[in-house]
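Structure first, commentary second.
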Amino acid sequence: MSTDIDDPPLPPHLQLEVTSACNLRCVMCLVRYRPPVNKLAGAMRPDLFHRLLAEVPALSRMTLQGLGEPLLSPYLMEMVRAAVARGITVGFNTNATLLTRGRAEELVDSRVDWLHVSLDGAGAGVYEAVREGADFARVVANLAGLVHAKRAAGSVTPWIRVVFVAMRDNVTELPDLVRLLARIGVDELHVQNLSHNFFDADPAGGYDGIRQFTADQALWTGTDADRAATAFHEAGEAAREHGVRLRLPRPGAPVDAGPPSGRGCSWPWEAAYITSTGVVQPCCMVMGDDRMSLGRLTEQSFPQIWYGERYREFRHRLLGGEPPEVCRGCSLYRRAF
């Protein structure tokens, strides 16, 4: 007899890679280490999106982002409006380079629930070294424009959060970034570590570049523990002074940390990540559709995959002391995100 451990209810949350195309080559992102993707070829097709809405009727939350930049998808607004019409909480993360005033007003009008903007520095030098191809002044102006559009409409949505990926080369920017966001009118800053160490990837294969980058830049190595701790402390002081909600990660976690007690991760029971081509993965932290596939929507329905043998085996392994290889270097699994 199956149980909720083996066969949980269909998930209330789906994260969809609405496009695998991106206009930047960020130093910590897998996109940098892969050939460029055309924005039309990389877009999730609307028929797949609407099919998922039909196949997972209990959906209450959708995250419309993956490795690409969501604002490049020609179908993004159609997807947002369809989710809002269904009463589904919906939002996405953007690099904000394409977040013009007109697009900001359109998004506010759509009633999208949240927008997260990536901003990994408090000045052009550090930020543009991280987000290669971006213009710091334009991104800050676009973020301020989004705040203005929301206020001008008298809207409570979208909730605006800035996301900062903390690394050795940018962590000292945090206190100044808090002060910058306070001036713009952004209420929340979410600081996170790099998502994966990629130790499970073949060092001679296609993941060598991002694996080496992570080994050099990750704060969990402890190399810059004091400097990171000082930056976190000063950012906390600035956040309290200016009324900015601040989330900080653990300052570090050893690479060989053992499995956490309990499930270690709730994703395979509560959510799923689906690439633009319909590959179903356990979560967004995997990065790379060749690293883990639990099924393909070109071959099966989502419920068939969710209740399939691959998913059941994945859940059982995650419950035990020998989790799937792809989970062992995950910052979320190791409680370091």
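Residue names in the structure tokens use chain letters A, B, ... in the order shown, residue numbers from 1 in each chain, and ligand numbers from 1 in the order shown.
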Would you give me, as a VMD selection string, the residues in stretch 170-271 of chain A that DSSP reads as helix (DSSP H, G or I)?
-> chain A and resid 171 to 184 208 to 217 219 to 221 225 to 242 267 to 270
Counting only C-alpha atoms, which residues of stretch 1-52 of chain A fall within 9 Å of stretch 280-288 of chain A, and what is the closest atom pair for each with its distance in Å at one decimal, ordered by chain and rising number, as a Markdown table?
```
| residue | atom | partner | partner_atom | distance |
| --- | --- | --- | --- | --- |
| A:Gln15 | CA | A:Cys284 | CA | 7.4 |
| A:Cys29 | CA | A:Met287 | CA | 8.8 |
| A:Leu30 | CA | A:Met287 | CA | 7.0 |
```
Might you pull out every residue within 9 Å of A:Asn38, with only C-alpha atoms counted and same-chain residues fewer than 2 positions away left off, and present them as an mmCIF file with N, CA and C atoms, in the first residue's frame?
```cif
data_model
loop_
_atom_site.group_PDB
_atom_site.id
_atom_site.type_symbol
_atom_site.label_atom_id
_atom_site.label_comp_id
_atom_site.auth_asym_id
_atom_site.auth_seq_id
_atom_site.Cartn_x
_atom_site.Cartn_y
_atom_site.Cartn_z
ATOM 1 N N SER A 20 15.186 29.376 -21.216
ATOM 2 C CA SER A 20 16.574 29.037 -20.897
ATOM 3 C C SER A 20 17.534 30.049 -21.499
ATOM 4 N N ALA A 21 17.012 31.072 -22.158
ATOM 5 C CA ALA A 21 17.828 32.125 -22.756
ATOM 6 C C ALA A 21 18.111 33.222 -21.733
ATOM 7 N N CYS A 22 19.268 33.828 -21.848
ATOM 8 C CA CYS A 22 19.618 34.935 -20.950
ATOM 9 C C CYS A 22 20.443 35.955 -21.706
ATOM 10 N N PRO A 36 25.228 30.146 -26.015
ATOM 11 C CA PRO A 36 24.035 31.003 -25.924
ATOM 12 C C PRO A 36 22.807 30.320 -26.513
ATOM 13 N N LEU A 40 13.679 32.685 -28.604
ATOM 14 C CA LEU A 40 12.487 31.964 -29.063
ATOM 15 C C LEU A 40 12.666 30.464 -28.900
ATOM 16 N N ALA A 41 13.843 29.972 -29.279
ATOM 17 C CA ALA A 41 14.110 28.542 -29.155
ATOM 18 C C ALA A 41 14.143 28.108 -27.693
ATOM 19 N N GLY A 42 14.560 29.009 -26.798
ATOM 20 C CA GLY A 42 14.694 28.647 -25.393
ATOM 21 C C GLY A 42 13.432 28.805 -24.571
ATOM 22 N N ALA A 43 12.366 29.316 -25.164
ATOM 23 C CA ALA A 43 11.143 29.613 -24.404
ATOM 24 C C ALA A 43 10.283 28.369 -24.209
#
```
If we count only C-alpha atoms, what is near stretch 234-250 of chain A at a cut-off of 12 Å, once residues fewer than 5 positions away on the same chain are taken out, given as an MDAnalysis selection string?
-> chainID A and resid 122 160:167 171:195 219:220 222 225 227:229 331:332 334:337
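Atom to atom, atom CA of A:Val126 and atom CA of A:Leu67 stand 21.6 Å apart.
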Between A:Asp226, A:Asp120, A:Asn142, A:Leu294, which is the closest to A:Tyr307 once you count only C-alpha atoms?
->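 When distances to A:Tyr307 are compared using only C-alpha atoms, the smallest one comes from A:Leu294.
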Taking into account only C-alpha atoms, which residue in the set A:Thr298, A:Thr97, A:Thr19, A:Thr89 is nearest to A:Pro74?
->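 Between A:Thr298, A:Thr97, A:Thr19, A:Thr89, the residue approaching A:Pro74 most closely is A:Thr19.
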Mind pulling up the distance from atom CA of A:Arg328 to atom CA of A:His13?
->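 Computed distance, atom CA of A:His13 to atom CA of A:Arg328, equals 23.1 Å.
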Using only C-alpha atoms, which residues sit within 12 Å of A:Arg310 once same-chain residues fewer than 3 positions away are excluded, as a list in words?
->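 Returned residues: Asp6, Asp7, Pro268, Val280, Gln281, Pro282, Met292, Ser293, Leu294, Gly295, Arg296, Gln304, Ile305, Trp306, Tyr307, Glu313, Phe314, Arg315, His316, Arg317 and Pro324 of chain A.
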Select from stretch 25-183 of chain A everything DSSP, run on the backbone, classes as strand (DSSP E), then give the selection as a list in words.
->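 The strand (DSSP E) subset of stretch 25-183 of chain A is Arg61, Met62, Thr63, Thr89, Val90, Gly91, Phe92, Asn93, Thr94, Trp114, Leu115, His116, Val117, Ser118, Trp159, Ile160, Arg161, Val162, Val163, Phe164 and Val165 of chain A.
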Compile the contact shell of A:Leu297 as number ranges by chain: residues with an atom at most 10 Å away, counting only C-alpha atoms, same-chain residues fewer than 6 positions apart removed.
-> A: 48, 51-52, 274-275, 277-280, 303-305
Which residues, written as a list of chain:residue names, have at least one atom at most 10 Å from A:Ala152, with only C-alpha atoms counted and residues fewer than 6 positions away on the same chain left out?
->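 Non-adjacent residues within range: A:Glu105, A:Val108, A:Leu146.
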Closest to A:Leu99 among A:Met79, A:Leu72, A:Val37, A:Ala85, using only C-alpha atoms?
-> A:Leu72
Go ahead and compute the interatomic distance for atom CA of A:Thr63 and atom CA of A:Gly209, in Å to one decimal.
->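 Spanning atom CA of A:Thr63 to atom CA of A:Gly209 is a straight-line distance of 27.6 Å.
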